[in-house]
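A.B. asks: For reference, the file target_15.csv (CSV, C-alpha atoms) is included below:
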```
chain,number,residue,atom,x,y,z
D,178,MET,CA,-9.5,-20.6,-8.9
D,179,SER,CA,-9.8,-18.3,-11.9
D,180,GLU,CA,-6.8,-16.2,-12.7
D,181,SER,CA,-6.8,-12.9,-10.8
D,182,LYS,CA,-6.6,-9.6,-12.6
D,183,PRO,CA,-3.5,-7.5,-11.9
D,184,GLY,CA,-3.9,-5.5,-8.7
D,185,ARG,CA,-6.6,-7.8,-7.2
D,186,ASP,CA,-5.9,-9.0,-3.7
D,187,ARG,CA,-6.2,-12.7,-3.9
D,188,VAL,CA,-5.8,-13.3,-0.2
D,189,ARG,CA,-8.7,-10.9,0.5
D,190,GLU,CA,-10.9,-12.6,-2.1
D,191,LEU,CA,-10.3,-16.0,-0.4
D,192,LEU,CA,-11.1,-14.6,3.0
D,193,ASP,CA,-14.2,-12.8,1.7
D,194,ALA,CA,-15.5,-16.1,0.4
D,195,VAL,CA,-14.6,-17.9,3.7
D,196,LEU,CA,-16.5,-15.3,5.8
D,197,ALA,CA,-19.5,-14.9,3.6
D,198,GLU,CA,-22.8,-15.3,5.4
D,199,TYR,CA,-23.7,-18.9,4.7
D,200,ASP,CA,-25.3,-21.5,7.0
D,201,ASP,CA,-23.3,-24.6,7.9
D,202,GLU,CA,-24.9,-27.1,5.5
D,203,GLY,CA,-23.0,-27.0,2.3
D,204,ALA,CA,-21.1,-23.9,3.3
D,205,LEU,CA,-17.7,-25.1,2.0
D,206,ASN,CA,-19.2,-25.8,-1.4
D,207,ARG,CA,-20.8,-22.4,-1.6
D,208,MET,CA,-17.5,-20.7,-0.4
D,209,ALA,CA,-15.7,-22.4,-3.2
D,210,GLU,CA,-18.3,-21.3,-5.7
D,211,ALA,CA,-18.0,-17.7,-4.5
D,212,ALA,CA,-14.2,-18.0,-5.2
D,213,PHE,CA,-14.9,-19.6,-8.7
D,214,SER,CA,-13.0,-22.8,-7.5
D,215,SER,CA,-13.6,-26.4,-6.9
D,216,THR,CA,-14.2,-27.3,-3.2
D,217,PHE,CA,-11.0,-29.3,-3.0
D,218,HIS,CA,-8.8,-26.6,-4.7
D,219,PHE,CA,-10.5,-23.8,-2.6
D,220,ALA,CA,-9.8,-25.6,0.7
D,221,ARG,CA,-6.2,-26.3,-0.4
D,222,GLN,CA,-5.7,-22.6,-1.4
D,223,VAL,CA,-7.1,-21.2,1.9
D,224,SER,CA,-5.1,-23.7,3.9
D,225,ARG,CA,-1.9,-22.8,2.1
D,226,VAL,CA,-2.4,-19.1,2.5
D,227,ALA,CA,-3.9,-19.1,6.0
D,228,ASN,CA,-2.4,-22.2,7.6
D,229,GLU,CA,-5.9,-23.0,8.7
D,230,SER,CA,-8.8,-24.9,7.0
D,231,PRO,CA,-11.6,-22.7,5.6
D,232,ALA,CA,-14.1,-24.1,8.1
D,233,ARG,CA,-11.8,-23.6,11.1
D,234,LEU,CA,-10.9,-20.1,10.0
D,235,ARG,CA,-14.5,-19.1,9.4
D,236,ARG,CA,-15.6,-20.6,12.8
D,237,ARG,CA,-12.8,-18.8,14.7
D,238,VAL,CA,-13.3,-15.4,13.1
D,239,LEU,CA,-17.1,-15.6,13.6
D,240,LEU,CA,-16.6,-16.4,17.3
D,241,GLU,CA,-14.2,-13.4,17.5
D,242,ARG,CA,-16.9,-11.3,16.0
D,243,ALA,CA,-19.5,-12.6,18.4
D,244,ALA,CA,-17.2,-11.7,21.3
D,245,TRP,CA,-16.7,-8.2,19.9
D,246,GLU,CA,-20.5,-7.8,19.6
D,247,LEU,CA,-21.2,-9.2,23.1
D,248,GLN,CA,-18.7,-6.6,24.5
D,249,ARG,CA,-20.9,-4.0,22.9
D,250,SER,CA,-24.2,-5.1,24.4
D,251,VAL,CA,-25.5,-7.4,21.7
D,252,THR,CA,-27.6,-10.2,23.2
D,253,VAL,CA,-26.2,-13.7,23.4
D,254,THR,CA,-29.1,-14.9,21.2
D,255,ASP,CA,-28.4,-12.4,18.5
D,256,ALA,CA,-24.7,-13.1,18.6
D,257,ALA,CA,-25.3,-16.8,18.4
D,258,PHE,CA,-27.5,-16.7,15.3
D,259,THR,CA,-25.3,-14.0,13.6
D,260,ALA,CA,-22.4,-16.4,14.1
D,261,GLY,CA,-24.3,-19.2,12.3
D,262,TYR,CA,-25.3,-21.4,15.2
D,263,ASP,CA,-28.7,-23.0,15.2
D,264,SER,CA,-29.1,-22.8,19.0
D,265,VAL,CA,-27.8,-20.7,21.9
D,266,ASP,CA,-26.7,-23.8,23.7
D,267,GLY,CA,-24.5,-24.9,20.8
D,268,PHE,CA,-23.1,-21.4,20.5
D,269,SER,CA,-22.4,-21.2,24.3
D,270,ARG,CA,-20.5,-24.5,24.2
D,271,ALA,CA,-18.3,-23.5,21.3
D,272,PHE,CA,-17.8,-20.0,22.8
D,273,SER,CA,-16.8,-21.5,26.2
D,274,ARG,CA,-14.3,-23.9,24.6
D,275,ALA,CA,-12.7,-21.0,22.7
D,276,PHE,CA,-12.7,-18.2,25.3
D,277,GLY,CA,-12.7,-20.2,28.5
D,278,CYS,CA,-15.8,-18.4,29.8
D,279,VAL,CA,-19.5,-18.3,28.9
D,280,PRO,CA,-20.8,-15.6,26.5
D,281,SER,CA,-22.6,-13.7,29.3
D,282,GLU,CA,-19.3,-13.1,31.1
D,283,ILE,CA,-17.5,-11.5,28.1
D,284,PRO,CA,-19.1,-8.0,28.5
D,285,ASP,CA,-17.3,-7.7,31.8
D,286,MET,CA,-14.0,-8.8,30.2
D,287,ARG,CA,-13.7,-6.2,27.5
D,288,GLU,CA,-10.1,-5.4,28.4
D,289,ARG,CA,-9.2,-9.0,27.3
D,290,GLY,CA,-10.2,-8.1,23.7
D,291,HIS,CA,-11.9,-10.4,21.3
D,292,TRP,CA,-9.1,-12.3,19.5
D,293,LEU,CA,-8.4,-16.0,19.8
D,294,PRO,CA,-5.0,-17.6,19.1
D,295,ALA,CA,-4.5,-17.8,15.3
D,296,PRO,CA,-1.9,-19.6,13.2
D,297,ASN,CA,-1.9,-16.8,10.6
D,298,GLY,CA,-2.5,-13.5,12.5
D,299,ILE,CA,-5.9,-13.1,10.8
D,300,HIS,CA,-8.5,-11.7,13.2
D,301,PHE,CA,-11.9,-10.0,13.2
D,302,HIS,CA,-11.1,-6.3,13.6
D,303,SER,CA,-14.3,-4.3,13.2
D,304,PRO,CA,-17.8,-4.7,11.6
D,305,THR,CA,-16.3,-4.3,8.2
D,306,ALA,CA,-12.7,-5.4,8.4
D,307,LEU,CA,-10.2,-8.1,9.2
D,308,TYR,CA,-6.8,-7.6,10.6
D,309,ALA,CA,-3.8,-9.7,9.6
D,310,ASP,CA,-0.6,-9.6,11.6
D,311,SER,CA,2.5,-9.7,9.4
D,312,GLU,CA,4.7,-12.7,9.8
D,313,GLN,CA,7.8,-10.4,10.0
D,314,GLU,CA,8.2,-7.1,11.7
D,315,GLN,CA,8.4,-4.0,9.6
D,316,SER,CA,9.9,-0.6,10.6
D,317,ALA,CA,8.8,2.8,9.6
D,318,GLY,CA,11.8,2.7,7.3
D,319,ASP,CA,10.2,-0.1,5.3
D,320,VAL,CA,7.2,2.1,4.6
D,321,VAL,CA,9.6,4.9,3.5
D,322,MET,CA,11.5,2.6,1.2
D,323,LEU,CA,8.2,1.4,-0.4
D,324,MET,CA,7.2,5.0,-1.1
D,325,ILE,CA,10.6,5.8,-2.5
D,326,GLN,CA,10.6,2.8,-4.9
D,327,HIS,CA,7.0,3.6,-5.9
D,328,ASP,CA,7.9,7.2,-6.7
D,329,LEU,CA,10.9,6.1,-8.8
D,330,ASP,CA,8.9,3.5,-10.7
D,331,ASP,CA,6.0,5.9,-11.3
D,332,VAL,CA,8.3,8.6,-12.7
D,333,ASP,CA,9.8,6.1,-15.1
D,334,ALA,CA,6.4,5.0,-16.3
D,335,LEU,CA,5.4,8.6,-16.9
D,336,LEU,CA,8.5,9.2,-18.9
D,337,THR,CA,7.7,6.2,-21.0
D,338,ALA,CA,4.2,7.5,-21.6
D,339,ALA,CA,5.5,10.9,-22.7
D,340,LYS,CA,7.6,9.4,-25.5
D,341,VAL,CA,4.5,9.1,-27.8
D,342,ILE,CA,3.9,12.9,-27.7
D,343,GLY,CA,5.3,15.2,-30.4
D,344,ASP,CA,7.7,17.9,-29.3
D,345,GLU,CA,5.2,20.7,-29.7
D,346,GLU,CA,2.7,19.0,-27.4
D,347,TYR,CA,5.4,18.1,-25.0
D,348,ARG,CA,6.5,21.7,-24.6
D,349,ARG,CA,3.0,23.3,-24.8
D,350,GLU,CA,2.3,25.6,-21.9
D,351,ARG,CA,-0.7,24.1,-20.2
D,352,MET,CA,-0.4,25.9,-16.8
D,353,PRO,CA,1.1,29.3,-17.4
D,354,GLY,CA,2.9,30.7,-14.4
D,355,HIS,CA,2.6,27.4,-12.5
D,356,ARG,CA,5.2,26.9,-9.8
D,357,VAL,CA,5.4,24.0,-7.4
D,358,LEU,CA,8.0,25.8,-5.3
D,359,SER,CA,8.7,29.5,-5.4
D,360,TRP,CA,12.4,29.0,-6.0
D,361,SER,CA,12.3,26.2,-8.5
D,362,GLY,CA,11.1,28.0,-11.6
D,363,ASP,CA,8.0,27.7,-13.8
D,364,GLU,CA,6.5,24.3,-14.5
D,365,ALA,CA,4.0,25.3,-17.2
D,366,SER,CA,4.6,22.4,-19.6
D,367,LEU,CA,4.9,18.6,-19.4
D,368,ALA,CA,8.6,19.0,-20.3
D,369,ASP,CA,9.0,21.3,-17.3
D,370,VAL,CA,7.2,19.0,-14.9
D,371,LEU,CA,9.1,15.9,-16.0
D,372,ARG,CA,12.4,17.7,-15.9
D,373,HIS,CA,11.8,18.7,-12.3
D,374,LEU,CA,10.6,15.2,-11.4
D,375,VAL,CA,13.9,13.7,-12.7
D,376,LEU,CA,16.4,16.3,-11.6
D,377,ALA,CA,15.0,17.6,-8.3
D,378,LYS,CA,16.9,14.9,-6.3
D,379,LEU,CA,20.3,15.8,-7.7
D,380,PRO,CA,20.9,18.9,-5.5
D,381,TRP,CA,20.0,16.9,-2.4
D,382,LEU,CA,22.3,14.0,-3.4
D,383,ALA,CA,25.1,16.5,-4.0
D,384,SER,CA,24.7,18.1,-0.6
D,385,ILE,CA,24.4,14.7,1.2
D,386,GLN,CA,27.4,13.3,-0.5
D,387,GLY,CA,29.5,16.5,-0.2
D,388,GLU,CA,29.8,17.0,-4.0
D,389,ASP,CA,29.9,20.2,-6.1
D,390,GLU,CA,26.7,21.8,-7.4
D,391,PRO,CA,25.2,19.3,-9.9
D,392,ASP,CA,24.7,20.0,-13.6
D,393,LEU,CA,21.0,20.5,-14.2
D,394,ASP,CA,21.3,21.4,-17.8
D,395,GLY,CA,21.2,19.1,-20.8
D,396,PRO,CA,18.5,17.7,-23.2
D,397,ASP,CA,15.1,17.3,-21.5
D,398,ASP,CA,13.3,15.1,-24.1
D,399,PRO,CA,11.8,11.9,-22.5
D,400,ASP,CA,14.5,9.6,-23.8
D,401,ASN,CA,17.3,11.6,-22.3
D,402,LEU,CA,15.4,12.3,-19.1
D,403,GLN,CA,14.7,8.6,-18.7
D,404,SER,CA,18.4,7.8,-19.0
D,405,ARG,CA,19.3,10.4,-16.4
D,406,HIS,CA,16.4,9.2,-14.2
D,407,SER,CA,17.9,5.7,-14.3
D,408,GLU,CA,21.3,6.9,-13.0
D,409,ILE,CA,19.8,9.2,-10.4
D,410,SER,CA,17.4,6.5,-9.1
D,411,ALA,CA,20.4,4.1,-8.5
D,412,GLN,CA,22.1,6.9,-6.4
D,413,TRP,CA,19.0,7.8,-4.6
D,414,LEU,CA,18.2,4.3,-3.6
D,415,ALA,CA,21.7,3.6,-2.5
D,416,MET,CA,21.6,6.7,-0.3
D,417,THR,CA,18.3,6.0,1.3
D,418,ARG,CA,19.1,2.3,1.9
D,419,ASP,CA,22.3,3.4,3.6
D,420,VAL,CA,20.4,5.9,5.8
D,421,GLU,CA,17.9,3.1,6.7
D,422,ARG,CA,20.7,0.6,7.4
D,423,ARG,CA,22.3,3.1,9.8
D,424,ARG,CA,18.9,4.3,11.2
D,425,ALA,CA,20.2,7.7,10.5
D,426,TRP,CA,17.0,9.5,9.6
D,427,GLY,CA,17.5,12.0,12.4
D,428,ASP,CA,21.0,13.0,11.1
D,429,ARG,CA,21.5,16.5,9.9
D,430,MET,CA,23.2,17.8,6.8
D,431,ILE,CA,24.4,21.3,6.4
D,432,ASP,CA,23.6,22.3,2.8
D,433,ALA,CA,26.4,24.6,1.6
D,434,LEU,CA,24.6,25.0,-1.7
D,435,CYS,CA,22.0,27.2,0.0
D,436,ASP,CA,22.7,30.9,0.5
D,437,PRO,CA,23.1,31.2,3.4
D,438,PRO,CA,23.9,27.5,4.3
D,439,GLU,CA,21.0,25.7,5.9
D,440,SER,CA,20.6,22.6,8.1
D,441,PHE,CA,18.2,19.7,7.2
D,442,GLN,CA,17.4,16.4,8.8
D,443,LEU,CA,17.7,13.5,6.3
D,444,SER,CA,14.1,12.5,7.2
D,445,GLN,CA,13.0,16.1,6.2
D,446,ILE,CA,14.7,15.8,2.9
D,447,ILE,CA,13.0,12.5,2.0
D,448,ALA,CA,9.6,13.8,3.1
D,449,HIS,CA,10.2,17.0,1.0
D,450,VAL,CA,11.1,15.1,-2.1
D,451,LEU,CA,8.3,12.6,-1.8
D,452,THR,CA,5.7,15.3,-1.2
D,453,PHE,CA,6.5,17.4,-4.2
D,454,SER,CA,7.2,14.5,-6.4
D,455,ALA,CA,3.7,13.1,-5.7
D,456,HIS,CA,2.2,16.5,-6.7
D,457,ARG,CA,4.2,16.7,-9.9
D,458,ARG,CA,3.3,13.1,-10.8
D,459,GLN,CA,-0.3,14.0,-10.6
D,460,VAL,CA,0.2,17.2,-12.7
D,461,ALA,CA,2.1,15.2,-15.3
D,462,ARG,CA,-0.8,12.8,-15.5
D,463,TRP,CA,-3.2,15.6,-16.1
D,464,MET,CA,-0.9,17.0,-18.8
D,465,LEU,CA,-0.5,13.7,-20.5
D,466,THR,CA,-4.3,13.3,-20.6
D,467,GLN,CA,-4.6,16.8,-22.1
D,468,SER,CA,-2.1,15.7,-24.8
D,469,GLY,CA,-4.4,12.8,-25.7
D,470,VAL,CA,-2.3,10.0,-24.1
D,471,ASP,CA,-4.2,7.1,-22.6
D,472,ILE,CA,-2.7,6.6,-19.1
D,473,SER,CA,-5.6,4.5,-17.6
D,474,HIS,CA,-3.0,1.8,-17.0
D,475,LEU,CA,-0.8,4.1,-14.9
D,476,ASP,CA,-2.6,3.8,-11.6
D,477,PRO,CA,-1.0,6.3,-9.2
D,478,ASP,CA,-2.0,4.3,-6.1
D,479,PRO,CA,1.0,2.7,-4.3
D,480,ILE,CA,-1.3,0.0,-3.0
D,481,MET,CA,-2.0,-1.2,-6.6
D,482,TRP,CA,1.6,-0.8,-7.5
D,483,HIS,CA,2.7,-2.9,-4.6
D,484,ARG,CA,0.2,-5.6,-5.3
D,485,ARG,CA,1.3,-5.8,-8.9
D,486,PHE,CA,4.9,-6.2,-8.1
D,487,SER,CA,4.4,-8.5,-5.1
D,488,GLY,CA,2.2,-10.9,-7.0
D,489,GLY,CA,-1.0,-9.6,-5.5
D,490,ASN,CA,-0.4,-11.1,-2.0
D,491,THR,CA,-0.4,-8.2,0.3
```
Take the structure from the file and write it as structure tokens.
C.D. replies:
Amino acid sequence: MSESKPGRDRVRELLDAVLAEYDDEGALNRMAEAAFSSTFHFARQVSRVANESPARLRRRVLLERAAWELQRSVTVTDAAFTAGYDSVDGFSRAFSRAFGCVPSEIPDMRERGHWLPAPNGIHFHSPTALYADSEQEQSAGDVVMLMIQHDLDDVDALLTAAKVIGDEEYRRERMPGHRVLSWSGDEASLADVLRHLVLAKLPWLASIQGEDEPDLDGPDDPDNLQSRHSEISAQWLAMTRDVERRRAWGDRMIDALCDPPESFQLSQIIAHVLTFSAHRRQVARWMLTQSGVDISHLDPDPIMWHRRFSGGNT
């Protein structure tokens, strides 16, 4: 198979080729051609990824789609030919072996669903989608940790991009009077936005860890901010991983740095930081573009980030 571009979903490409609308004769060869692969290599790739041969995977998912259609008043004849069968009899025999009932009985069995046993969790899900069960369970905390790591990596990438800008452009007011939060001060320049992106986590860390009010001063050029970001990231990750390990998202912290002191759930703090960091990262992108920096390679989408760092197999 040809080398995938960064961010491409190779599993999805294989499945798209498997499920393309071909007739049975020569189908495997054409599936392989659609994936830019030899027939042998394509079959091996699909079998390795899906634990199921291309022909078996395609046949099973098309039967699932047929069951889905039959449960929504599509005729048996239409379902049979859409699934690639030359005759209704052939379709009925295959359907009965798979589902344990004839196609005409399926509309009355809608509550049973339309999925068949699968070795890979890949199923027909809707007219335009497949559904793939994960081989291991994930908690909501896994999603949160993905978002946290993406946020930290994206900030680091933005700081790197800002290093090519001269100091005048870096500190130019591009959004006079702009404030993300009423109490956090103006964020009119790229320097302001990046400074807040890096340092906004420090007061929360200090409150959670019971430390004194943090030092938010110091040089705010991209090099120094990136150095501080590296230190803060390590602390932030350690804190959030500990919260996830203890399943302590509902725990409350009394923030004595507020006047008067205020109570926050740890889940509220993480949601707050991620929300406003995402906004600032988009503002920073706009300001970098206005400064003439090419940031086309800095895709803000966590899906593309995750595919890139997980080898494209999501």
A.B. asks: Neighbouring residues of D:Val320 were defined as those with any atom within 12 Å, considering all atoms listed in the file; residues of the same chain fewer than 6 positions away were excluded. Please report them as number ranges by chain.
C.D. replies: D: 314, 326-327, 421, 479-480, 483
A.B. asks: Do you know which residues are at most 10 Å from D:Asp476 counting only C-alpha atoms, after dropping those on the same chain fewer than 3 positions away, and could you put them as a list in words?
C.D. replies: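 Once the nearby chain positions are removed, what remains is Gly184, Asp331, Arg462, Ile472, Ser473, Pro479, Ile480, Met481 and Trp482 of chain D.
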A.B. asks: Any idea what's packed within 12 Å of stretch 439-444 of chain D, counting only C-alpha atoms, ignoring anything in its chain fewer than 4 positions away? Could you give it as a VMD selection string?
C.D. replies: chain D and resid 317 to 318 321 to 322 381 to 382 384 to 386 416 to 417 419 to 421 423 to 435 448 to 451
A.B. asks: Select all residues near (2.2, 27.4, -16.0) (cut-off 12 Å, inclusive, file coordinates), counting only C-alpha atoms, and output them as a PDB file with C-alpha atoms, in the coordinates of the input.
C.D. replies:
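So the final result, stored in part17.pdb, reads:
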```pdb
ATOM      1  CA  ARG D 348       6.500  21.700 -24.600  1.00  0.00           C
ATOM      2  CA  ARG D 349       3.000  23.300 -24.800  1.00  0.00           C
ATOM      3  CA  GLU D 350       2.300  25.600 -21.900  1.00  0.00           C
ATOM      4  CA  ARG D 351      -0.700  24.100 -20.200  1.00  0.00           C
ATOM      5  CA  MET D 352      -0.400  25.900 -16.800  1.00  0.00           C
ATOM      6  CA  PRO D 353       1.100  29.300 -17.400  1.00  0.00           C
ATOM      7  CA  GLY D 354       2.900  30.700 -14.400  1.00  0.00           C
ATOM      8  CA  HIS D 355       2.600  27.400 -12.500  1.00  0.00           C
ATOM      9  CA  ARG D 356       5.200  26.900  -9.800  1.00  0.00           C
ATOM     10  CA  VAL D 357       5.400  24.000  -7.400  1.00  0.00           C
ATOM     11  CA  GLY D 362      11.100  28.000 -11.600  1.00  0.00           C
ATOM     12  CA  ASP D 363       8.000  27.700 -13.800  1.00  0.00           C
ATOM     13  CA  GLU D 364       6.500  24.300 -14.500  1.00  0.00           C
ATOM     14  CA  ALA D 365       4.000  25.300 -17.200  1.00  0.00           C
ATOM     15  CA  SER D 366       4.600  22.400 -19.600  1.00  0.00           C
ATOM     16  CA  LEU D 367       4.900  18.600 -19.400  1.00  0.00           C
ATOM     17  CA  ALA D 368       8.600  19.000 -20.300  1.00  0.00           C
ATOM     18  CA  ASP D 369       9.000  21.300 -17.300  1.00  0.00           C
ATOM     19  CA  VAL D 370       7.200  19.000 -14.900  1.00  0.00           C
ATOM     20  CA  VAL D 460       0.200  17.200 -12.700  1.00  0.00           C
ATOM     21  CA  MET D 464      -0.900  17.000 -18.800  1.00  0.00           C
TER      22      MET D 464
END
```
A.B. asks: Quote the spacing between atom CA of D:Val375 and atom CA of D:Leu465 in Å to one decimal place.
C.D. replies: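 We find that atom CA of D:Val375 and atom CA of D:Leu465 lie 16.4 Å from each other.
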A.B. asks: Name the residues, using the chain letters and numbers of the file, that sit within 9 Å of (11.4, 20.8, -28.1) when counting all atoms listed in the file, and give them as a ChimeraX atom specification.
C.D. replies: /D:343-348,368,397-398
A.B. asks: Can you work out which one of D:Lys340, D:Arg372, D:Arg236, D:Arg270 has the shortest atom-to-atom distance to D:Leu293, counting all atoms listed in the file?
C.D. replies: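 Among the listed residues, D:Arg236 lies closest to D:Leu293.
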A.B. asks: Enter the distance from atom CA of D:Ile342 to atom CA of D:Gln403, in Å, rounded to one decimal.
C.D. replies: 14.7 Å
A.B. asks: Work out how far atom CA of D:Leu414 is from atom CA of D:Gly395, in Å to one decimal.
C.D. replies: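 Value for the atom CA of D:Gly395-atom CA of D:Leu414 distance: 22.9 Å.
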A.B. asks: Considering only C-alpha atoms, state which residue in the set D:Ala220, D:Leu329, D:Ala257, D:Ala338 is at the smallest distance from D:Ile409.
C.D. replies: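 Nearest candidate to D:Ile409 out of D:Ala220, D:Leu329, D:Ala257, D:Ala338: D:Leu329.
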